[in-house]
file coords_7.txt (compact mmCIF, C-alpha atoms)
# COMPACT_ATOMS: atom_id res chain seq x y z
CA MET C 1 -64.68 6.03 3.19
CA SER C 2 -61.05 6.65 4.17
CA GLN C 3 -60.12 9.85 6.00
CA ARG C 4 -58.48 12.49 3.85
CA LEU C 5 -54.86 13.35 4.49
CA THR C 6 -54.37 17.11 4.74
CA ILE C 7 -51.28 18.66 3.15
CA ALA C 8 -50.18 22.25 3.72
CA LEU C 9 -48.61 23.89 0.66
CA ASP C 10 -46.52 27.03 0.50
CA ALA C 11 -48.31 28.18 -2.63
CA MET C 12 -46.02 31.16 -3.21
CA GLY C 13 -42.73 29.25 -3.08
CA GLY C 14 -40.48 28.40 -6.01
CA ASP C 15 -39.32 30.08 -9.19
CA HIS C 16 -42.69 29.54 -10.89
CA GLY C 17 -45.16 29.70 -8.03
CA PRO C 18 -48.06 29.86 -7.56
CA ASP C 19 -48.92 28.55 -11.06
CA MET C 20 -46.56 25.59 -10.74
CA VAL C 21 -47.73 24.78 -7.22
CA ILE C 22 -51.42 24.72 -8.16
CA ALA C 23 -50.77 22.65 -11.29
CA GLY C 24 -48.64 20.24 -9.26
CA ALA C 25 -51.27 19.95 -6.56
CA ASP C 26 -53.83 19.04 -9.24
CA ILE C 27 -51.58 16.25 -10.54
CA ALA C 28 -51.07 15.02 -6.96
CA ARG C 29 -54.84 15.06 -6.43
CA GLU C 30 -55.33 12.81 -9.46
CA ARG C 31 -52.72 10.37 -8.18
CA HIS C 32 -53.88 10.48 -4.55
CA PRO C 33 -57.66 10.99 -4.40
CA ASP C 34 -57.78 10.86 -0.60
CA VAL C 35 -55.81 14.05 0.05
CA ARG C 36 -56.93 17.63 0.65
CA PHE C 37 -54.84 20.79 0.51
CA LEU C 38 -54.42 23.92 2.58
CA LEU C 39 -53.02 26.53 0.20
CA TYR C 40 -51.15 29.38 1.86
CA GLY C 41 -50.68 32.45 -0.28
CA ASP C 42 -52.22 35.48 -1.94
CA GLN C 43 -55.93 34.76 -2.48
CA GLN C 44 -56.16 37.16 -5.43
CA ARG C 45 -53.56 35.10 -7.28
CA LEU C 46 -54.65 31.66 -6.10
CA GLU C 47 -58.42 31.89 -6.61
CA PRO C 48 -58.33 32.35 -10.42
CA LEU C 49 -55.96 29.39 -10.71
CA LEU C 50 -58.24 27.20 -8.60
CA ASN C 51 -61.30 28.26 -10.59
CA GLN C 52 -59.64 26.73 -13.66
CA ARG C 53 -59.37 23.39 -11.83
CA PRO C 54 -62.78 22.57 -10.27
CA ALA C 55 -61.76 19.12 -9.07
CA LEU C 56 -58.81 20.57 -7.15
CA LYS C 57 -60.92 23.44 -5.83
CA ALA C 58 -63.29 20.91 -4.28
CA VAL C 59 -60.51 19.51 -2.07
CA ALA C 60 -58.53 22.70 -1.44
CA GLU C 61 -58.86 25.63 0.93
CA ILE C 62 -57.07 28.94 0.49
CA ARG C 63 -55.52 30.50 3.61
CA HIS C 64 -54.79 34.06 2.59
CA THR C 65 -51.55 35.86 3.25
CA ALA C 66 -49.88 38.44 1.05
CA ASP C 67 -46.49 37.84 2.65
CA PHE C 68 -43.95 35.36 1.26
CA VAL C 69 -40.28 34.51 1.72
CA ALA C 70 -38.05 35.81 -1.07
CA GLY C 71 -35.65 33.40 -2.70
CA ASP C 72 -32.63 35.43 -1.62
CA ALA C 73 -33.78 36.08 1.96
CA LYS C 74 -31.31 35.14 4.67
CA PRO C 75 -32.67 32.41 6.99
CA ALA C 76 -32.30 34.51 10.16
CA VAL C 77 -34.12 37.44 8.57
CA ALA C 78 -36.89 35.22 7.22
CA LEU C 79 -37.31 33.63 10.65
CA ARG C 80 -37.76 37.01 12.33
CA ALA C 81 -39.73 38.87 9.68
CA GLY C 82 -41.67 36.05 8.02
CA ARG C 83 -44.09 35.05 10.76
CA GLN C 84 -47.06 35.73 8.46
CA SER C 85 -45.44 34.39 5.29
CA SER C 86 -46.98 31.57 3.27
CA MET C 87 -44.05 29.34 4.22
CA ARG C 88 -44.31 29.93 7.96
CA LEU C 89 -48.09 29.58 8.09
CA ALA C 90 -47.92 26.28 6.19
CA ILE C 91 -45.40 24.98 8.73
CA ASP C 92 -47.56 26.27 11.59
CA ALA C 93 -50.44 24.18 10.23
CA VAL C 94 -48.39 21.01 10.79
CA ALA C 95 -47.39 22.10 14.29
CA ALA C 96 -51.06 22.81 15.11
CA GLY C 97 -52.19 19.42 13.82
CA GLU C 98 -54.23 20.92 10.98
CA ALA C 99 -52.02 19.26 8.35
CA ALA C 100 -50.04 16.01 8.31
CA CYS C 101 -47.18 17.46 6.28
CA VAL C 102 -45.91 20.59 4.54
CA VAL C 103 -44.36 20.99 1.09
CA SER C 104 -42.54 24.07 -0.14
CA ALA C 105 -40.46 24.95 -3.20
CA GLY C 106 -39.24 28.12 -1.52
CA ASN C 107 -35.98 29.29 0.04
CA THR C 108 -34.18 26.20 1.41
CA GLY C 109 -32.36 27.92 4.26
CA ALA C 110 -35.47 29.75 5.40
CA LEU C 111 -37.55 26.57 5.25
CA MET C 112 -35.03 24.67 7.36
CA ALA C 113 -34.76 27.49 9.91
CA MET C 114 -38.53 27.89 10.22
CA ALA C 115 -39.23 24.17 10.32
CA LYS C 116 -36.63 23.55 13.01
CA PHE C 117 -37.88 26.52 15.07
CA VAL C 118 -41.57 25.62 14.81
CA LEU C 119 -41.58 21.83 14.68
CA LYS C 120 -38.49 21.14 16.84
CA THR C 121 -36.36 18.01 16.54
CA LEU C 122 -37.27 14.48 17.56
CA PRO C 123 -35.88 12.99 20.79
CA GLY C 124 -32.30 11.86 20.25
CA ILE C 125 -31.80 14.04 17.17
CA ASP C 126 -29.61 17.13 17.49
CA ARG C 127 -29.92 18.40 13.91
CA PRO C 128 -32.36 17.61 11.11
CA ALA C 129 -30.89 16.46 7.81
CA MET C 130 -31.95 16.81 4.19
CA ALA C 131 -32.33 13.46 2.44
CA SER C 132 -33.25 12.43 -1.08
CA PHE C 133 -33.17 9.52 -3.49
CA PHE C 134 -30.31 8.85 -5.89
CA PRO C 135 -30.63 6.65 -8.98
CA THR C 136 -28.05 3.84 -9.01
CA GLN C 137 -27.16 0.77 -11.04
CA ARG C 138 -28.95 -1.34 -8.43
CA GLY C 139 -32.09 0.80 -8.16
CA GLU C 140 -32.28 3.69 -5.72
CA SER C 141 -30.32 4.79 -2.69
CA VAL C 142 -30.85 7.40 0.01
CA MET C 143 -28.29 10.13 0.67
CA LEU C 144 -28.13 12.56 3.58
CA ASP C 145 -27.25 15.31 4.47
CA LEU C 146 -27.68 17.32 1.27
CA GLY C 147 -27.10 20.81 2.57
CA ALA C 148 -28.72 21.46 5.93
CA ASN C 149 -25.51 21.08 7.97
CA ALA C 150 -22.29 22.22 6.34
CA GLU C 151 -20.25 21.06 9.33
CA CYS C 152 -21.04 18.02 11.44
CA GLN C 153 -19.80 16.22 14.51
CA PRO C 154 -19.52 12.39 14.66
CA GLU C 155 -22.77 12.11 16.63
CA ASN C 156 -24.61 14.01 13.88
CA LEU C 157 -23.45 11.52 11.25
CA VAL C 158 -24.48 8.64 13.51
CA GLN C 159 -27.97 10.12 13.86
CA PHE C 160 -28.13 10.66 10.09
CA ALA C 161 -27.27 6.98 9.59
CA VAL C 162 -30.14 5.87 11.83
CA MET C 163 -32.64 8.20 10.13
CA GLY C 164 -31.44 7.17 6.65
CA ALA C 165 -31.78 3.48 7.48
CA VAL C 166 -35.29 3.95 8.89
CA PHE C 167 -36.19 5.91 5.76
CA ALA C 168 -34.87 3.13 3.49
CA ARG C 169 -36.87 0.54 5.40
CA ALA C 170 -40.08 2.56 5.44
CA ILE C 171 -40.08 4.03 1.93
CA LEU C 172 -37.89 1.71 -0.15
CA GLY C 173 -39.06 -1.42 1.63
CA LEU C 174 -35.56 -2.68 2.44
CA PRO C 175 -35.63 -4.89 5.56
CA GLN C 176 -31.87 -4.57 6.23
CA PRO C 177 -30.47 -1.56 4.36
CA SER C 178 -26.71 -1.24 4.05
CA ILE C 179 -25.17 1.99 5.36
CA GLY C 180 -21.96 3.68 4.24
CA VAL C 181 -20.13 6.84 5.29
CA LEU C 182 -18.89 8.89 2.34
CA ASN C 183 -15.13 9.30 2.46
CA ILE C 184 -12.06 9.86 0.26
CA GLY C 185 -11.26 6.15 0.43
CA SER C 186 -12.66 2.88 1.72
CA GLU C 187 -9.75 2.09 4.05
CA ASP C 188 -10.32 2.55 7.79
CA MET C 189 -7.43 5.00 8.18
CA LYS C 190 -8.70 7.36 5.45
CA GLY C 191 -10.62 10.58 6.08
CA ASN C 192 -10.78 13.18 8.83
CA GLU C 193 -11.41 12.62 12.52
CA VAL C 194 -15.16 13.21 12.19
CA VAL C 195 -15.85 10.45 9.67
CA ARG C 196 -13.47 8.01 11.40
CA ALA C 197 -15.11 8.59 14.78
CA ALA C 198 -18.58 8.23 13.28
CA ALA C 199 -17.63 4.98 11.57
CA ALA C 200 -16.16 3.61 14.79
CA SER C 201 -19.43 4.29 16.61
CA LEU C 202 -21.57 2.82 13.82
CA ARG C 203 -19.60 -0.43 13.81
CA ASP C 204 -20.61 -1.13 17.41
CA MET C 205 -24.22 0.06 17.35
CA PRO C 206 -27.46 -1.96 16.97
CA LEU C 207 -28.50 -0.14 13.81
CA PRO C 208 -31.75 -0.59 11.86
CA GLY C 209 -29.55 -1.87 9.04
CA ARG C 210 -26.06 -3.16 8.28
CA PHE C 211 -23.01 -0.90 8.48
CA HIS C 212 -20.86 -1.40 5.38
CA GLY C 213 -18.05 1.00 6.23
CA PHE C 214 -16.61 3.81 4.13
CA VAL C 215 -17.69 4.41 0.53
CA GLU C 216 -16.24 6.69 -2.14
CA GLY C 217 -17.88 9.01 -4.64
CA THR C 218 -17.88 6.32 -7.33
CA ASP C 219 -19.94 4.08 -5.04
CA ILE C 220 -22.89 6.49 -5.18
CA GLY C 221 -23.81 5.62 -8.77
CA LEU C 222 -22.80 1.98 -8.38
CA GLY C 223 -25.30 1.54 -5.56
CA THR C 224 -22.72 -0.08 -3.29
CA VAL C 225 -24.85 0.79 -0.27
CA ASP C 226 -28.49 1.72 0.27
CA VAL C 227 -27.83 4.68 2.58
CA ILE C 228 -25.00 7.16 2.09
CA VAL C 229 -24.16 9.36 5.08
CA THR C 230 -22.20 12.60 4.82
CA ASP C 231 -22.10 16.20 5.99
CA GLY C 232 -24.26 18.77 4.21
CA PHE C 233 -21.37 20.49 2.43
CA THR C 234 -20.08 17.30 0.81
CA GLY C 235 -23.58 15.99 0.14
CA ASN C 236 -24.68 19.17 -1.62
CA VAL C 237 -21.57 19.17 -3.82
CA ALA C 238 -22.20 15.51 -4.70
CA LEU C 239 -25.85 16.24 -5.52
CA LYS C 240 -25.08 19.20 -7.78
CA THR C 241 -22.26 17.25 -9.46
CA ALA C 242 -24.61 14.36 -10.21
CA GLU C 243 -27.26 16.72 -11.60
CA GLY C 244 -24.70 18.45 -13.81
CA THR C 245 -23.27 15.15 -15.04
CA ALA C 246 -26.73 13.92 -16.02
CA LYS C 247 -27.37 17.12 -17.99
CA LEU C 248 -23.96 16.88 -19.65
CA PHE C 249 -24.52 13.26 -20.67
CA SER C 250 -27.96 14.06 -22.09
CA GLU C 251 -26.52 16.96 -24.09
CA PHE C 252 -23.71 14.77 -25.45
CA LEU C 253 -26.32 12.24 -26.62
CA ARG C 254 -28.41 14.95 -28.25
CA ARG C 255 -25.43 16.33 -30.15
CA THR C 256 -24.27 12.87 -31.18
CA PHE C 257 -27.60 11.96 -32.76
CA ALA C 258 -27.67 15.26 -34.63
CA THR C 259 -24.33 14.72 -36.39
CA SER C 260 -25.61 12.86 -39.46
CA PHE C 261 -28.61 11.41 -41.24
CA LEU C 262 -27.64 7.87 -40.18
CA ALA C 263 -27.31 9.02 -36.58
CA ARG C 264 -30.87 10.41 -36.72
CA ILE C 265 -32.10 7.08 -38.14
CA GLY C 266 -30.35 5.32 -35.26
CA TYR C 267 -32.13 7.56 -32.79
CA LEU C 268 -35.52 6.81 -34.36
CA LEU C 269 -34.85 3.08 -34.09
CA ALA C 270 -33.86 3.37 -30.44
CA ARG C 271 -36.38 6.06 -29.49
CA GLY C 272 -38.26 3.86 -27.04
CA ALA C 273 -35.08 2.91 -25.20
CA PHE C 274 -33.98 6.54 -24.98
CA LYS C 275 -37.36 7.56 -23.65
CA ARG C 276 -36.93 5.07 -20.81
CA PHE C 277 -33.41 6.38 -20.26
CA ARG C 278 -34.63 9.97 -19.97
CA GLU C 279 -37.32 8.94 -17.53
CA ARG C 280 -34.77 7.08 -15.42
CA ILE C 281 -32.50 10.12 -15.00
CA ASP C 282 -35.24 12.77 -15.01
CA PRO C 283 -34.54 14.94 -11.93
CA ARG C 284 -38.27 15.50 -11.50
CA ARG C 285 -38.61 11.83 -10.62
CA TYR C 286 -36.37 12.33 -7.59
CA ASN C 287 -37.71 15.74 -6.59
CA GLY C 288 -38.53 16.19 -2.95
CA ALA C 289 -35.82 16.43 -0.28
CA MET C 290 -37.04 15.40 3.15
CA PHE C 291 -36.08 17.22 6.36
CA LEU C 292 -35.56 14.18 8.54
CA GLY C 293 -35.47 14.45 12.31
CA LEU C 294 -38.25 16.99 12.86
CA ARG C 295 -41.45 16.50 14.87
CA GLY C 296 -43.43 16.82 11.67
CA VAL C 297 -43.11 15.98 7.99
CA CYS C 298 -41.52 18.75 5.92
CA VAL C 299 -40.51 18.27 2.27
CA LYS C 300 -38.51 20.68 0.13
CA SER C 301 -39.23 20.73 -3.59
CA HIS C 302 -36.62 22.04 -6.02
CA GLY C 303 -37.38 25.70 -6.63
CA GLY C 304 -37.02 25.43 -10.40
CA THR C 305 -39.12 22.31 -10.90
CA ASP C 306 -42.34 22.08 -12.88
CA ALA C 307 -45.77 20.77 -11.94
CA VAL C 308 -44.77 17.10 -12.40
CA GLY C 309 -41.75 17.53 -10.15
CA PHE C 310 -43.80 19.30 -7.49
CA ALA C 311 -46.41 16.54 -7.58
CA ASN C 312 -43.62 14.04 -6.94
CA ALA C 313 -42.51 16.07 -3.91
CA VAL C 314 -46.08 15.95 -2.61
CA ALA C 315 -46.03 12.16 -3.08
CA VAL C 316 -42.88 11.94 -0.94
CA ALA C 317 -44.63 13.86 1.84
CA ILE C 318 -47.66 11.58 1.61
CA ASN C 319 -45.43 8.50 1.89
CA LEU C 320 -43.66 9.83 4.97
CA ALA C 321 -46.92 10.79 6.67
CA THR C 322 -48.77 7.55 5.92
CA HIS C 323 -45.86 5.30 6.94
CA GLY C 324 -45.55 6.86 10.41
CA PHE C 325 -41.95 7.72 9.65
CA ASN C 326 -41.29 9.96 12.65
CA GLU C 327 -42.64 7.38 15.08
CA ARG C 328 -40.28 4.81 13.63
CA ILE C 329 -37.30 7.13 14.05
CA LYS C 330 -38.25 7.70 17.70
CA GLU C 331 -38.52 3.94 18.26
CA GLU C 332 -35.10 3.29 16.73
CA MET C 333 -33.40 6.12 18.62
CA GLY C 334 -34.95 4.85 21.85
CA ARG C 335 -33.80 1.30 21.15
CA ILE C 336 -30.25 2.46 20.45
CA ALA C 337 -30.21 4.66 23.56
CA ASP C 338 -31.32 1.69 25.69
CA ALA C 339 -28.60 -0.51 24.23
CA ASN C 340 -25.95 2.24 24.46
CA PRO C 341 -26.76 4.47 27.44
CA LEU C 342 -25.02 7.81 27.24
CA PRO C 343 -22.67 8.74 30.10
CA ASP C 344 -23.94 11.25 32.66
CA THR C 345 -21.80 14.20 31.64
CA LYS C 346 -23.03 16.37 34.54
CA ALA C 347 -22.04 13.75 37.10
CA ALA C 348 -18.69 13.28 35.42
CA ALA C 349 -18.10 17.03 35.48
CA GLY C 350 -18.92 17.16 39.18
call {"tool": "encode", "arguments": {"input": "coords_7.txt", "output": "structure tokens"}}
result
Amino acid sequence: MSQRLTIALDAMGGDHGPDMVIAGADIARERHPDVRFLLYGDQQRLEPLLNQRPALKAVAEIRHTADFVAGDAKPAVALRAGRQSSMRLAIDAVAAGEAACVVSAGNTGALMAMAKFVLKTLPGIDRPAMASFFPTQRGESVMLDLGANAECQPENLVQFAVMGAVFARAILGLPQPSIGVLNIGSEDMKGNEVVRAAAASLRDMPLPGRFHGFVEGTDIGLGTVDVIVTDGFTGNVALKTAEGTAKLFSEFLRRTFATSFLARIGYLLARGAFKRFRERIDPRRYNGAMFLGLRGVCVKSHGGTDAVGFANAVAVAINLATHGFNERIKEEMGRIADANPLPDTKAAAG
């Protein structure tokens, strides 16, 4: 019998927690029978929900705390005052080795601050980055950073590129993923000093993939590259723009098919195709942003998702934990450091 993978859940996080979290955990249990859950939250609220799901109750343990991080809490405040919150205790479980990964739909800034403080960053990584999948014409791509670092230095983008490439190899199964830096043009002279310096470094590095060069916003949907690297400000704007465009397009289709009787007939004839279309662009399918670069697996679920979306975020965490993702990042960073030894800045200063 295979050993169960333990997942720590912030059961109070999200717009619809804990109901959504428990329902999502039950879906994840059905899909992944070899997992067990540590549920951090208010026992009085969690126990009745578990009693309604006996199969989940058999593989779940409630760790009581009445404290939780509010959605509008500032990260610094949450870090100081939330030591006994459901979010912090779930992260602590990963640091203590009780759980292989943590999933939360709670406050993004607080989750990043707590995870970085508790789990620390991997060797060779200065800042963790948020990464997620993007649907493209060629399949799926990985994009990072999506909001953890509003401003970045060239070395941060280089580290993001390495982590994104390792992620694409481990999770998407791409042996030689292509990597692009998001810019306002594809020409080498375009962009600010940060992206130009990052691209110059990436061209000369032994990456776990192939450096393509600069890519533009239109290349995201085209799938020009497998890994798109950018700062958190630009990445978050791109993510929200893509989500809004998908909703706009779906609404346009809905209105179009409601304009006449013939249009409704056309919809009925093409219903199967439109069902596949909706599934392809369903944001729940891509739910689960990974905090890459930490000494532990931490996944952020969208706060407004439903049980299906949360179950997909849990699946992302399971994939990262079972594929030894952090060990692979450490190996790649070590290999790059050996091939490109950093100058001794202290000696140079002396």
call {"tool": "residues_around", "arguments": {"input": "coords_7.txt", "residues": "segment 112-120 of chain C", "least_positions_apart": "3", "cutoff": "7 Å", "atoms": "all atoms listed in the file", "output": "list in words"}}
result
Pro75, Leu79, Arg88, Ile91, Asp92, Ala95, Thr108, Gly109, Leu294, Arg295 and Gly296 of chain C
call {"tool": "atom_distance", "arguments": {"input": "coords_7.txt", "atom1": "atom CA of Ser104 of chain C", "atom2": "atom CA of Val229 of chain C"}}
result
24.1 Å
call {"tool": "atom_distance", "arguments": {"input": "coords_7.txt", "atom1": "atom CA of Arg31 of chain C", "atom2": "atom CA of Lys240 of chain C"}}
result
29.0 Å
call {"tool": "residues_around", "arguments": {"input": "coords_7.txt", "residues": "Ala170 of chain C", "least_positions_apart": "4", "cutoff": "10 Å", "atoms": "only C-alpha atoms", "output": "compact mmCIF listing (two decimals) with C-alpha atoms, keeping the file's coordinate frame"}}
result
# COMPACT_ATOMS: atom_id res chain seq x y z
CA GLY C 164 -31.44 7.17 6.65
CA ALA C 165 -31.78 3.48 7.48
CA VAL C 166 -35.29 3.95 8.89
CA LEU C 174 -35.56 -2.68 2.44
CA PRO C 175 -35.63 -4.89 5.56
CA ASN C 319 -45.43 8.50 1.89
CA LEU C 320 -43.66 9.83 4.97
CA HIS C 323 -45.86 5.30 6.94
CA GLY C 324 -45.55 6.86 10.41
CA PHE C 325 -41.95 7.72 9.65
CA ARG C 328 -40.28 4.81 13.63
call {"tool": "closest_residue", "arguments": {"input": "coords_7.txt", "among": "C:Glu151, C:Glu332, C:Asp26, C:Asp204", "to": "Thr230 of chain C", "atoms": "only C-alpha atoms"}}
result
C:Glu151
call {"tool": "residues_around", "arguments": {"input": "coords_7.txt", "residues": "Pro54 of chain C", "least_positions_apart": "6", "cutoff": "12 Å", "atoms": "all atoms listed in the file", "output": "list of chain:residue names"}}
result
C:Ile22, C:Asp26, C:Arg29, C:Glu47, C:Pro48, C:Ala60
call {"tool": "residues_near_point", "arguments": {"input": "coords_7.txt", "point": "(-18.0, 17.7, 16.0)", "cutoff": "10 Å", "atoms": "all atoms listed in the file", "output": "PyMOL selection string"}}
result
chain C and resi 151-157+193-195+197-198
call {"tool": "residues_around", "arguments": {"input": "coords_7.txt", "residues": "Thr234 of chain C", "least_positions_apart": "5", "cutoff": "12 Å", "atoms": "all atoms listed in the file", "output": "list in words"}}
result
Met143, Leu144, Asp145, Leu146, Gly147, Ala148, Asn149, Ala150, Glu151, Cys152, Val181, Leu182, Asn183, Ile184, Val195, Glu216, Gly217, Ile228, Val229, Leu239, Lys240 and Thr241 of chain C
call {"tool": "closest_residue", "arguments": {"input": "coords_7.txt", "among": "C:Val225, C:Val103, C:Leu46, C:Leu111", "to": "Pro135 of chain C", "atoms": "only C-alpha atoms"}}
result
C:Val225
call {"tool": "closest_residue", "arguments": {"input": "coords_7.txt", "among": "C:Thr65, C:Gln52, C:Thr6, C:Ser141", "to": "Ile171 of chain C", "atoms": "only C-alpha atoms"}}
result
C:Ser141
call {"tool": "residues_near_point", "arguments": {"input": "coords_7.txt", "point": "(-38.3, 14.5, -11.9)", "cutoff": "10 Å", "atoms": "only C-alpha atoms", "output": "MDAnalysis selection string"}}
result
chainID C and resid 278:288 302 305:313
call {"tool": "decode", "arguments": {"input": "coords_7.txt", "residues": "segment 125-143 of chain C", "atoms": "N, CA and C atoms", "output": "CSV table (one decimal), in the first residue's frame"}}
result
chain,number,residue,atom,x,y,z
C,125,ILE,N,18.0,31.4,-4.7
C,125,ILE,CA,16.8,32.2,-5.0
C,125,ILE,C,16.6,33.3,-4.0
C,126,ASP,N,16.5,34.5,-4.6
C,126,ASP,CA,16.4,35.7,-3.7
C,126,ASP,C,14.9,36.0,-3.3
C,127,ARG,N,14.0,35.8,-4.3
C,127,ARG,CA,12.6,36.1,-4.1
C,127,ARG,C,11.8,34.9,-4.7
C,128,PRO,N,10.8,34.5,-4.0
C,128,PRO,CA,9.8,33.5,-4.6
C,128,PRO,C,9.0,34.2,-5.6
C,129,ALA,N,8.4,33.5,-6.5
C,129,ALA,CA,7.6,34.0,-7.6
C,129,ALA,C,6.3,33.2,-7.7
C,130,MET,N,5.2,33.9,-8.0
C,130,MET,CA,3.9,33.2,-8.3
C,130,MET,C,3.9,32.8,-9.7
C,131,ALA,N,3.5,31.6,-10.0
C,131,ALA,CA,3.5,31.0,-11.3
C,131,ALA,C,2.1,30.3,-11.5
C,132,SER,N,1.7,30.3,-12.8
C,132,SER,CA,0.4,29.6,-13.1
C,132,SER,C,0.4,29.2,-14.6
C,133,PHE,N,-0.5,28.4,-14.9
C,133,PHE,CA,-0.7,28.0,-16.3
C,133,PHE,C,-1.5,29.0,-17.1
C,134,PHE,N,-1.2,29.1,-18.4
C,134,PHE,CA,-2.0,29.9,-19.3
C,134,PHE,C,-2.4,29.0,-20.5
C,135,PRO,N,-3.7,29.1,-20.9
C,135,PRO,CA,-4.1,28.4,-22.1
C,135,PRO,C,-3.6,29.1,-23.3
C,136,THR,N,-3.1,28.3,-24.3
C,136,THR,CA,-2.6,28.9,-25.5
C,136,THR,C,-3.0,28.1,-26.7
C,137,GLN,N,-2.8,28.6,-27.9
C,137,GLN,CA,-3.1,27.9,-29.1
C,137,GLN,C,-2.3,26.6,-29.3
C,138,ARG,N,-1.2,26.5,-28.6
C,138,ARG,CA,-0.4,25.3,-28.7
C,138,ARG,C,-0.6,24.4,-27.5
C,139,GLY,N,-1.4,24.8,-26.5
C,139,GLY,CA,-1.6,23.9,-25.4
C,139,GLY,C,-1.6,24.7,-24.1
C,140,GLU,N,-0.5,24.7,-23.3
C,140,GLU,CA,-0.4,25.4,-22.1
C,140,GLU,C,1.0,26.0,-21.9
C,141,SER,N,1.1,27.2,-21.3
C,141,SER,CA,2.4,27.7,-21.0
C,141,SER,C,2.4,28.1,-19.5
C,142,VAL,N,3.6,28.4,-19.0
C,142,VAL,CA,3.8,28.8,-17.7
C,142,VAL,C,4.2,30.3,-17.7
C,143,MET,N,3.6,31.1,-16.7
C,143,MET,CA,3.9,32.5,-16.6
C,143,MET,C,4.2,32.8,-15.2
